[in-house]
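my_file.cif (mmCIF, C-alpha atoms and all ligand atoms)
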data_structure
#
loop_
_atom_site.label_atom_id
_atom_site.label_comp_id
_atom_site.auth_asym_id
_atom_site.auth_seq_id
_atom_site.Cartn_x
_atom_site.Cartn_y
_atom_site.Cartn_z
CA MET A 10 89.66 73.73 86.73
CA THR A 11 87.18 75.92 88.53
CA ARG A 12 86.51 76.79 92.11
CA GLY A 13 83.25 74.90 91.59
CA ALA A 14 85.14 71.62 91.63
CA ASP A 15 84.72 71.61 95.39
CA ASP A 16 81.31 72.58 96.61
CA GLU A 17 81.98 72.57 100.34
CA ILE A 18 81.48 75.61 102.50
CA ALA A 19 83.55 76.01 105.62
CA GLU A 20 80.98 75.76 108.37
CA THR A 21 83.29 75.45 111.32
CA ASP A 22 85.48 78.48 110.80
CA GLU A 23 84.61 82.11 111.46
CA PRO A 24 81.72 83.33 109.36
CA ALA A 25 82.34 84.84 105.98
CA ALA A 26 81.96 88.54 105.40
CA PRO A 27 78.32 89.45 106.00
CA GLY A 28 76.09 87.50 103.68
CA ILE A 29 78.89 86.09 101.60
CA THR A 30 79.49 82.38 101.51
CA ARG A 31 81.78 80.30 99.42
CA ARG A 32 78.67 78.85 97.77
CA ALA A 33 77.53 82.36 96.87
CA LEU A 34 80.90 82.98 95.37
CA LEU A 35 80.72 79.73 93.47
CA SER A 36 77.32 80.55 92.08
CA GLY A 37 78.52 83.98 91.09
CA ALA A 38 76.21 85.75 93.52
CA GLY A 39 78.93 87.06 95.80
CA ALA A 40 81.67 88.09 93.46
CA THR A 41 82.64 88.02 89.87
CA GLY A 42 84.01 84.93 88.12
CA ILE A 43 85.86 83.10 90.86
CA VAL A 44 87.67 80.66 88.67
CA ALA A 45 91.28 79.72 88.89
CA LEU A 46 93.71 77.91 86.67
CA GLY A 47 96.89 76.35 87.87
CA THR A 48 99.71 75.04 85.76
CA ALA A 49 97.46 73.54 83.17
CA GLY A 50 95.81 76.88 82.64
CA VAL A 51 99.06 78.78 82.50
CA LEU A 52 100.54 76.38 80.01
CA ALA A 53 97.35 76.26 77.98
CA ALA A 54 97.32 80.06 77.95
CA SER A 55 100.91 79.95 76.80
CA ARG A 56 100.11 77.57 74.01
CA ALA A 57 97.13 79.68 73.02
CA GLY A 58 99.50 82.60 72.47
CA THR A 59 98.33 84.85 75.27
CA GLY A 60 101.83 86.00 75.98
CA ALA A 61 103.35 83.37 78.28
CA ASP A 62 107.04 83.23 77.69
CA ALA A 63 109.46 81.80 80.20
CA THR A 64 112.24 81.46 77.66
CA GLY A 65 113.24 85.04 77.25
CA SER A 66 111.71 86.23 74.00
CA ALA A 67 110.33 89.73 73.70
CA VAL A 68 107.22 90.82 75.61
CA ALA A 69 105.57 93.75 73.84
CA ALA A 70 105.30 96.93 75.89
CA ALA A 71 102.36 98.15 73.80
CA GLY A 72 98.80 97.13 74.50
CA PRO A 73 95.78 98.05 76.60
CA HIS A 74 97.62 96.89 79.74
CA GLN A 75 101.25 97.38 80.69
CA ALA A 76 103.55 94.38 80.39
CA GLY A 77 104.72 92.62 83.55
CA ILE A 78 101.29 91.96 85.05
CA ASP A 79 99.78 89.09 83.06
CA ARG A 80 102.53 89.07 80.42
CA PRO A 81 104.63 86.95 80.51
CA ALA A 82 102.18 84.54 82.15
CA LEU A 83 105.05 83.09 84.20
CA PRO A 84 106.87 85.94 85.95
CA GLN A 85 110.50 86.33 84.90
CA GLN A 86 112.96 84.95 87.43
CA HIS A 87 114.49 88.33 88.36
CA CYS A 88 113.30 91.82 89.10
CA LEU A 89 114.49 95.14 90.39
CA LEU A 90 111.77 97.03 92.23
CA VAL A 91 112.36 100.76 92.64
CA ILE A 92 110.10 102.91 94.79
CA ALA A 93 110.87 106.61 94.42
CA ASP A 94 109.56 110.06 95.14
CA VAL A 95 109.48 112.49 92.23
CA ASP A 96 108.91 116.11 91.37
CA THR A 97 105.13 115.84 91.09
CA GLY A 98 104.93 119.21 89.30
CA ALA A 99 106.77 117.61 86.38
CA LEU A 100 104.90 114.30 86.56
CA ARG A 101 103.24 114.49 83.17
CA ALA A 102 106.51 115.13 81.34
CA SER A 103 108.35 112.48 83.37
CA LEU A 104 105.75 109.83 82.60
CA ALA A 105 105.76 110.70 78.90
CA SER A 106 109.51 110.36 78.83
CA LEU A 107 109.41 107.15 80.86
CA GLY A 108 106.81 105.57 78.56
CA ALA A 109 108.82 106.38 75.44
CA ARG A 110 111.95 104.86 76.95
CA VAL A 111 110.16 101.75 78.16
CA ALA A 112 108.86 101.17 74.63
CA GLU A 113 112.33 101.74 73.20
CA VAL A 114 114.32 99.53 75.55
CA THR A 115 111.88 96.61 75.55
CA SER A 116 111.29 96.50 71.83
CA HIS A 117 114.56 97.42 70.15
CA PRO A 118 115.29 94.10 68.38
CA ALA A 119 119.08 94.37 68.56
CA GLY A 120 119.07 95.87 72.05
CA LEU A 121 120.51 99.18 73.21
CA ALA A 122 124.28 98.99 73.32
CA ASP A 123 124.81 100.19 76.88
CA LEU A 124 121.75 98.59 78.40
CA THR A 125 120.68 95.41 76.60
CA PRO A 126 123.59 94.53 74.30
CA ASP A 127 122.21 91.02 73.70
CA GLY A 128 118.71 92.23 72.90
CA PRO A 129 115.80 92.92 75.24
CA GLY A 130 114.94 89.28 75.88
CA ASP A 131 111.79 89.14 78.00
CA LEU A 132 112.50 92.48 79.71
CA THR A 133 109.38 94.25 80.96
CA VAL A 134 108.95 97.54 82.80
CA THR A 135 105.80 98.26 84.80
CA VAL A 136 105.08 101.78 86.06
CA GLY A 137 102.70 102.79 88.83
CA LEU A 138 101.82 105.88 90.86
CA GLY A 139 101.25 106.09 94.61
CA ALA A 140 98.59 108.14 96.36
CA THR A 141 100.77 111.24 96.70
CA ALA A 142 101.50 111.36 92.97
CA LEU A 143 97.89 110.65 92.01
CA ALA A 144 96.83 113.54 94.23
CA ALA A 145 98.93 115.83 92.02
CA THR A 146 97.12 114.85 88.79
CA ALA A 147 93.90 116.23 87.33
CA HIS A 148 92.10 113.38 89.15
CA PRO A 149 93.22 113.67 92.78
CA GLU A 150 90.30 111.48 93.86
CA LEU A 151 92.16 108.51 92.39
CA ALA A 152 94.43 108.56 95.44
CA ASP A 153 91.63 106.71 97.27
CA LEU A 154 92.13 103.73 94.95
CA VAL A 155 95.57 103.06 96.44
CA THR A 156 95.06 104.04 100.06
CA LEU A 157 95.76 101.18 102.46
CA PRO A 158 94.85 100.99 106.14
CA ASP A 159 97.56 100.28 108.70
CA PHE A 160 98.17 96.56 109.08
CA ALA A 161 99.91 94.80 111.96
CA GLY A 162 103.47 96.11 112.26
CA ASP A 163 103.01 99.04 109.88
CA ALA A 164 103.06 101.68 112.61
CA GLN A 165 106.67 100.73 113.36
CA LEU A 166 107.84 101.29 109.79
CA PRO A 167 109.82 104.42 108.94
CA ALA A 168 108.03 106.87 106.65
CA THR A 169 110.40 105.99 103.81
CA ARG A 170 109.08 102.42 103.87
CA ARG A 171 105.44 103.40 103.55
CA GLY A 172 104.06 104.42 100.17
CA GLY A 173 106.03 106.41 97.60
CA ASP A 174 105.20 108.44 94.48
CA LEU A 175 106.44 106.08 91.81
CA LEU A 176 106.96 102.36 91.26
CA VAL A 177 109.22 101.17 88.48
CA SER A 178 109.37 97.37 88.34
CA VAL A 179 111.98 96.07 85.92
CA ASN A 180 111.72 92.32 85.32
CA ALA A 181 113.78 90.00 83.13
CA SER A 182 115.17 86.50 82.88
CA ASP A 183 118.62 88.09 82.55
CA PRO A 184 119.45 89.84 85.85
CA SER A 185 122.36 91.76 84.31
CA VAL A 186 120.06 94.18 82.48
CA LEU A 187 118.01 95.24 85.51
CA GLU A 188 120.35 97.77 87.08
CA PRO A 189 121.43 99.61 83.91
CA VAL A 190 117.87 99.76 82.58
CA SER A 191 116.35 101.05 85.81
CA SER A 192 119.08 103.67 86.27
CA TRP A 193 118.61 104.88 82.70
CA LEU A 194 114.85 105.08 83.14
CA LEU A 195 115.07 107.01 86.41
CA GLU A 196 117.52 109.50 84.91
CA HIS A 197 114.56 110.71 82.90
CA VAL A 198 112.22 111.17 85.85
CA GLN A 199 112.49 114.70 87.18
CA GLY A 200 113.46 114.95 90.83
CA ALA A 201 113.60 111.16 91.32
CA ARG A 202 114.75 110.22 94.83
CA ILE A 203 114.79 106.51 95.59
CA ARG A 204 113.01 105.53 98.82
CA TRP A 205 113.93 101.87 98.64
CA SER A 206 114.72 99.30 96.03
CA GLU A 207 114.95 95.56 96.07
CA PHE A 208 116.46 92.95 93.86
CA GLY A 209 114.04 90.01 93.71
CA TYR A 210 114.37 86.46 92.46
CA ARG A 211 112.06 83.53 91.98
CA GLY A 212 112.78 79.83 92.13
CA ALA A 213 112.87 77.89 88.88
CA PRO A 214 109.27 77.15 87.95
CA VAL A 215 108.05 73.60 88.51
CA ASP A 216 105.38 73.17 85.83
CA GLY A 217 104.73 76.87 85.97
CA VAL A 218 104.81 77.54 89.74
CA ALA A 219 107.89 78.64 91.74
CA ARG A 220 108.80 77.96 95.36
CA ASN A 221 108.97 80.76 97.94
CA PRO A 222 111.69 81.15 100.63
CA PHE A 223 109.88 78.62 102.85
CA GLY A 224 110.21 76.07 100.05
CA TYR A 225 106.48 76.00 99.22
CA LEU A 226 104.96 76.35 95.77
CA ASP A 227 103.48 79.84 95.71
CA GLY A 228 101.06 81.45 93.27
CA ILE A 229 98.93 78.40 92.52
CA ILE A 230 95.52 80.00 92.92
CA GLY A 231 94.72 83.16 90.98
CA PRO A 232 92.84 84.69 88.05
CA ARG A 233 94.25 83.57 84.72
CA THR A 234 91.68 83.60 81.90
CA GLU A 235 90.84 86.78 80.01
CA GLN A 236 87.44 86.86 81.71
CA GLU A 237 88.91 86.44 85.20
CA LEU A 238 91.51 89.12 84.55
CA ARG A 239 88.79 91.45 83.31
CA ASP A 240 86.63 90.78 86.35
CA ASP A 241 89.28 90.80 89.07
CA VAL A 242 92.40 92.58 87.85
CA TRP A 243 91.89 95.29 85.22
CA ILE A 244 90.26 98.60 86.08
CA ALA A 245 87.23 98.83 83.78
CA ASP A 246 86.69 102.54 83.29
CA GLY A 247 87.77 106.06 84.14
CA PRO A 248 91.21 107.60 83.65
CA LEU A 249 92.90 104.38 84.78
CA ALA A 250 90.92 102.04 82.50
CA GLY A 251 93.20 99.17 81.50
CA GLY A 252 95.36 99.70 84.57
CA THR A 253 95.21 97.90 87.88
CA VAL A 254 96.21 98.30 91.54
CA CYS A 255 99.50 96.81 92.72
CA VAL A 256 100.02 96.10 96.41
CA MET A 257 103.58 95.49 97.50
CA ARG A 258 104.50 94.34 100.99
CA ARG A 259 108.05 93.43 101.83
CA PHE A 260 108.13 90.77 104.55
CA ARG A 261 111.27 89.70 106.37
CA LEU A 262 110.72 85.99 106.93
CA ASP A 263 111.89 83.88 109.85
CA VAL A 264 112.94 81.04 107.59
CA ASP A 265 114.97 79.31 110.33
CA GLY A 266 112.02 79.40 112.71
CA PHE A 267 109.67 78.02 110.07
CA ARG A 268 112.06 75.27 109.03
CA ALA A 269 112.51 74.29 112.69
CA LEU A 270 108.86 73.16 112.71
CA ALA A 271 108.18 69.47 112.11
CA PRO A 272 107.28 68.91 108.43
CA ALA A 273 103.64 68.19 109.29
CA ASP A 274 103.42 71.45 111.25
CA ARG A 275 104.90 73.39 108.32
CA ASP A 276 102.26 71.91 106.03
CA ALA A 277 99.58 72.74 108.59
CA THR A 278 100.78 76.36 108.69
CA ILE A 279 100.38 76.67 104.92
CA GLY A 280 97.46 74.27 104.33
CA ARG A 281 99.27 72.47 101.51
CA VAL A 282 101.89 69.73 101.21
CA GLN A 283 105.40 71.09 100.73
CA SER A 284 106.63 68.49 98.22
CA THR A 285 103.64 68.49 95.86
CA GLY A 286 101.74 71.68 96.65
CA ALA A 287 98.53 69.64 96.97
CA PRO A 288 95.90 70.85 99.46
CA LEU A 289 95.86 69.04 102.82
CA SER A 290 92.20 68.40 102.05
CA GLY A 291 93.24 66.15 99.16
CA GLY A 292 93.50 66.34 95.41
CA ALA A 293 96.32 67.56 93.21
CA ARG A 294 98.43 70.71 93.26
CA ASP A 295 96.15 72.84 91.14
CA ASP A 296 93.02 71.96 93.10
CA GLN A 297 91.34 74.35 95.50
CA VAL A 298 91.54 73.78 99.21
CA ASN A 299 88.33 72.19 100.54
CA LEU A 300 87.67 74.22 103.67
CA GLY A 301 84.93 71.92 104.96
CA ALA A 302 86.84 68.61 104.65
CA LYS A 303 87.42 66.80 107.95
CA ALA A 304 89.43 63.83 109.16
CA ALA A 305 87.69 60.82 110.70
CA ASP A 306 88.15 62.38 114.14
CA GLY A 307 86.31 65.52 113.06
CA THR A 308 89.30 67.86 112.83
CA LEU A 309 89.54 70.16 109.85
CA LEU A 310 92.00 68.97 107.20
CA ILE A 311 92.85 72.59 106.39
CA PRO A 312 93.61 73.68 109.98
CA PRO A 313 91.82 76.71 111.46
CA HIS A 314 94.90 78.94 111.28
CA ALA A 315 96.40 77.67 108.01
CA HIS A 316 97.43 80.42 105.59
CA ALA A 317 95.37 78.97 102.73
CA ARG A 318 92.26 79.08 104.95
CA ALA A 319 93.01 82.53 106.34
CA ALA A 320 93.61 84.01 102.87
CA HIS A 321 90.67 82.25 101.24
CA PRO A 322 88.41 84.76 99.46
CA SER A 323 85.20 83.17 100.75
CA PHE A 324 85.81 84.80 104.16
CA THR A 325 86.29 88.29 102.81
CA GLY A 326 83.89 88.11 99.89
CA SER A 327 86.73 89.28 97.69
CA PRO A 328 87.59 88.38 94.14
CA LEU A 329 90.92 86.73 93.44
CA MET A 330 94.19 88.64 93.43
CA LEU A 331 96.92 87.96 90.91
CA ARG A 332 100.00 87.14 93.02
CA ARG A 333 103.45 87.54 91.46
CA SER A 334 105.74 87.71 94.48
CA TYR A 335 109.54 87.60 94.58
CA SER A 336 112.09 86.42 97.14
CA TYR A 337 114.87 88.73 98.27
CA ARG A 338 118.05 88.45 100.31
CA VAL A 339 120.04 91.37 101.67
CA ASP A 340 122.06 89.40 104.26
CA GLU A 341 121.62 86.63 106.82
CA ALA A 342 119.45 88.85 108.99
CA ASP A 343 117.26 90.34 106.27
CA HIS A 344 115.75 88.00 103.73
CA GLY A 345 112.24 87.10 102.78
CA HIS A 346 109.41 87.74 100.40
CA VAL A 347 108.22 90.79 98.52
CA PHE A 348 104.53 89.99 98.29
CA ILE A 349 103.14 91.53 95.09
CA SER A 350 99.50 91.33 94.08
CA TYR A 351 97.44 92.93 91.33
CA GLN A 352 93.70 93.51 91.71
CA ASN A 353 91.23 96.15 90.56
CA ASP A 354 90.08 96.93 94.10
CA VAL A 355 92.59 97.62 96.85
CA GLN A 356 90.02 96.31 99.34
CA THR A 357 90.52 92.81 97.94
CA PHE A 358 94.00 92.95 99.39
CA ALA A 359 93.15 95.00 102.48
CA ARG A 360 90.36 92.73 103.70
CA THR A 361 92.58 89.70 103.22
CA GLN A 362 95.59 91.19 105.02
CA LEU A 363 93.41 92.27 107.95
CA ARG A 364 92.15 88.72 108.27
CA LEU A 365 95.67 87.31 108.01
CA ASP A 366 96.72 89.61 110.85
CA GLU A 367 93.94 88.11 112.97
CA VAL A 368 94.08 84.40 112.23
CA ASP A 369 97.00 83.37 110.02
CA ALA A 370 99.68 81.17 111.63
CA LEU A 371 102.09 82.21 108.84
CA MET A 372 102.15 85.82 110.00
CA ARG A 373 104.08 84.66 113.11
CA PHE A 374 107.03 84.09 110.78
CA SER A 375 106.56 87.31 108.74
CA THR A 376 107.54 90.87 109.67
CA PRO A 377 106.47 93.68 107.33
CA THR A 378 109.38 95.94 106.43
CA ALA A 379 107.75 98.02 103.69
CA THR A 380 104.22 98.58 102.44
CA ALA A 381 102.82 100.43 99.44
CA ALA A 382 100.09 100.44 96.82
CA PHE A 383 100.33 101.88 93.33
CA ALA A 384 97.92 102.55 90.49
CA ILE A 385 99.45 100.76 87.54
CA LEU A 386 98.90 103.06 84.58
CA PRO A 387 96.99 101.96 81.49
CA GLY A 388 99.10 100.35 78.79
CA ILE A 389 101.47 102.09 76.45
CA SER A 390 99.98 102.99 73.10
CA GLY A 391 101.39 104.68 70.04
CA ASP A 392 98.77 107.43 70.25
CA ALA A 393 99.19 108.83 73.73
CA ASP A 394 101.94 109.35 76.27
CA LEU A 395 102.13 107.04 79.28
CA GLY A 396 99.77 108.41 81.93
CA ALA A 397 98.23 111.02 79.60
CA SER A 398 94.70 110.10 80.70
CA LEU A 399 95.46 111.48 84.18
CA PHE A 400 96.06 115.06 83.06
C1 LIG B 1 104.19 86.54 104.16
C2 LIG B 1 104.52 85.88 103.12
C3 LIG B 1 103.60 84.93 102.39
C4 LIG B 1 103.93 83.68 101.98
C5 LIG B 1 105.26 82.99 102.20
C6 LIG B 1 102.76 83.13 101.31
C7 LIG B 1 102.67 81.85 100.77
C8 LIG B 1 101.54 81.27 100.23
C9 LIG B 1 101.42 79.90 99.81
C10 LIG B 1 102.53 78.86 99.86
C11 LIG B 1 100.15 79.70 99.37
C12 LIG B 1 99.53 78.39 98.86
C13 LIG B 1 99.70 78.17 97.38
C14 LIG B 1 99.03 79.18 96.49
O1 LIG B 1 97.81 79.18 96.30
O2 LIG B 1 99.75 80.02 95.98
C15 LIG B 1 99.46 80.97 99.48
C16 LIG B 1 98.16 81.19 99.13
C17 LIG B 1 97.54 82.40 99.18
N1 LIG B 1 98.06 83.56 99.71
FE1 LIG B 1 99.88 83.79 100.55
N2 LIG B 1 101.77 84.06 101.30
C18 LIG B 1 102.23 85.18 101.95
C19 LIG B 1 101.52 86.35 102.18
C20 LIG B 1 100.28 86.61 101.68
C21 LIG B 1 99.60 87.87 101.81
C22 LIG B 1 100.17 89.11 102.50
C23 LIG B 1 98.40 87.73 101.18
C24 LIG B 1 97.29 88.74 101.00
C25 LIG B 1 96.97 89.64 101.89
C26 LIG B 1 98.31 86.37 100.67
C27 LIG B 1 97.25 85.85 99.96
C28 LIG B 1 97.15 84.55 99.54
C29 LIG B 1 95.97 84.02 98.83
C30 LIG B 1 94.74 84.81 98.42
C31 LIG B 1 96.22 82.67 98.62
C32 LIG B 1 95.29 81.66 97.94
C33 LIG B 1 94.29 81.09 98.94
C34 LIG B 1 93.33 80.11 98.26
O3 LIG B 1 92.34 80.57 97.68
O4 LIG B 1 93.60 78.89 98.33
N3 LIG B 1 99.47 85.73 100.99
N4 LIG B 1 100.33 81.91 100.02
#
Kindly transcribe the structure held in the file into structure tokens.
Amino acid sequence: MTRGADDEIAETDEPAAPGITRRALLSGAGATGIVALGTAGVLAASRAGTGADATGSAVAAAGPHQAGIDRPALPQQHCLLVIADVDTGALRASLASLGARVAEVTSHPAGLADLTPDGPGDLTVTVGLGATALAATAHPELADLVTLPDFAGDAQLPATRRGGDLLVSVNASDPSVLEPVSSWLLEHVQGARIRWSEFGYRGAPVDGVARNPFGYLDGIIGPRTEQELRDDVWIADGPLAGGTVCVMRRFRLDVDGFRALAPADRDATIGRVQSTGAPLSGGARDDQVNLGAKAADGTLLIPPHAHARAAHPSFTGSPLMLRRSYSYRVDEADHGHVFISYQNDVQTFARTQLRLDEVDALMRFSTPTATAAFAILPGISGDADLGASLF
């Protein structure tokens, strides 16, 4: 399925970014390879052996890209996200040590007795550096790649909830391995001081897509094929070639407030039908929203302030972002969504979030409680230490 399946351009909403229309995107003139696969694509990718594995078998740490971004194709159901500050003077040694341990713990077939006694399963570890850590490498200019503007609500966040030197994302089907593995990894990072951490979970996938805390299927649209990932997700060259940029925003969600809406109003807030995930403009779950479609009375089928309209890349001229978000729950007052996206240009995210802050009805139910961006390091290889290209 391609974005070209629906050739309509939204003519009644705010204009797209200067000179960029959905049609330009479709024809390839405005951005690279805007094509998306839904379930069919994920499952086809799985069958084609591109690494999808929802059943818990090993996901290789080695490769041009770190595991945990496009492999496994369906995100594991649990994760422990750790955002820490580190001794940046010892960064090179810490990353080398971290990379060696990630390779060891994810690949040891029998498991490590104290950490993964039943084997590694589909455990992955993904490591990224924030702007402050990048500034301490031989390529301080790379800090610009992960610098975010302030979005609505960010100014109220404590400093500990903005940025951070190091991201270690530990993901697995088996939640019992997350804590021991992350503690063991961080023991080997010099001067590690945790800023915040979050245990995340995802709903059981329904044909490859999980529901978010509002009960809506989330993660339908995104880059999936090798070509799309190359165009939109992986950094092509320079010291971070093979890496990507991860944006992480923790949102406390007003689930009660959202659920108090009438079902039709909830669907209008998202732009899709809760039960099926299908766009309100018609079609099936994996279809694109048709931003120009109207009812007989002339009203837009994807309402002006629907999230799917607000986030649509035709308005920002952005490529697609790979969304792999998790739900979290601390207590009855603090639960929600850790939005996680991977893209090769932080502006893809930034332009979208700025637009959401202006027009998205969903943001009324979302309060940011942490924000950060990290350069995800190139993949682990047998020849070089993790992060060696930065020094
Ligand atoms: C606050 C919590 C959020 C929730 C609960 C949420 C939920 C959803 C849902 C249910 C969809 C429709 C299905 C799909 O395509 O996955 C969607 C689409 C999308 N969301 Fe979000 N989202 C949130 C925040 C964000 C943020 C912060 C961004 C980026 C700045 C974003 C970007 C997108 C994009 C790009 C799409 C696809 C639009 C399209 O092309 O149809 N979302 N989101």
- Nearest-residue call for ligand LIG 1 (chain B), choices A:Ala109, A:Leu104, A:Ala319, A:Ala140, using all atoms listed in the file: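 With all atoms listed in the file as the atom set, the closest residue is A:Ala319.
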- Task: Within 8 Å of ligand LIG 1 (chain B), which residues show up when you count only C-alpha atoms and all ligand atoms? List them as a PyMOL selection string, please.
- Result: chain A and resi 220-223+225-231+258+260+262+279-281+286+297-298+316-322+329-330+332+345-348+350+358-363+365+371-372+374-376
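Atom pair atom CA of Cys255 of chain A / atom CA of Gly120 of chain A has a distance of 28.5 Å (rounded to one decimal).
Across the model, the gap from atom CA of Thr357 of chain A to atom CA of Pro81 of chain A is 23.2 Å.
Shortest separation to Thr125 of chain A among A:Ser398, A:Ser185, A:Gln75, A:Gln165 occurs at residue A:Ser185, atoms counted being all atoms listed in the file.
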- In Å and to one decimal, atom CA of Val136 of chain A is distant from atom CA of Leu83 of chain A by 18.8 Å
- Query: With only C-alpha atoms as the basis for distance, which of A:Ser66, A:Thr285, A:Ser334, A:Ser206 is at the shortest distance from Ser182 of chain A?
  - Reply: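 Answer, going by the shortest atom-to-atom distance: A:Ser66.
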- Query: So which one's closest to Pro328 of chain A, A:Ala277, A:Ile349, A:Val242, A:Ala181? Using all atoms listed in the file, please.
  - Reply: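 Going through A:Ala277, A:Ile349, A:Val242, A:Ala181 one by one, the smallest distance to Pro328 of chain A is for A:Val242.
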- Which of A:Pro377, A:Gly172, A:Pro184, A:Gly266 sits closest to Cys88 of chain A [using only C-alpha atoms]: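 Of all the options, A:Pro184 lies closest to Cys88 of chain A.
Of the listed residues (A:His344, A:His197, A:Arg364, A:His314), A:His197 comes nearest to Ala105 of chain A; the distances count only C-alpha atoms.
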- Name the residues in contact with Asn353 of chain A at a cut-off of 7 Å, using all atoms listed in the file, excluding same-chain residues fewer than 4 positions from it; report them as JSON, numbers by chain. {"A": [241, 242, 243, 244, 253, 254]}
- Item | Residues near Arg204 of chain A, cut-off 6 Å, only C-alpha atoms, skip fewer than 2 positions along chain, as a list in words | Ile92, Ala93 and Thr169 of chain A
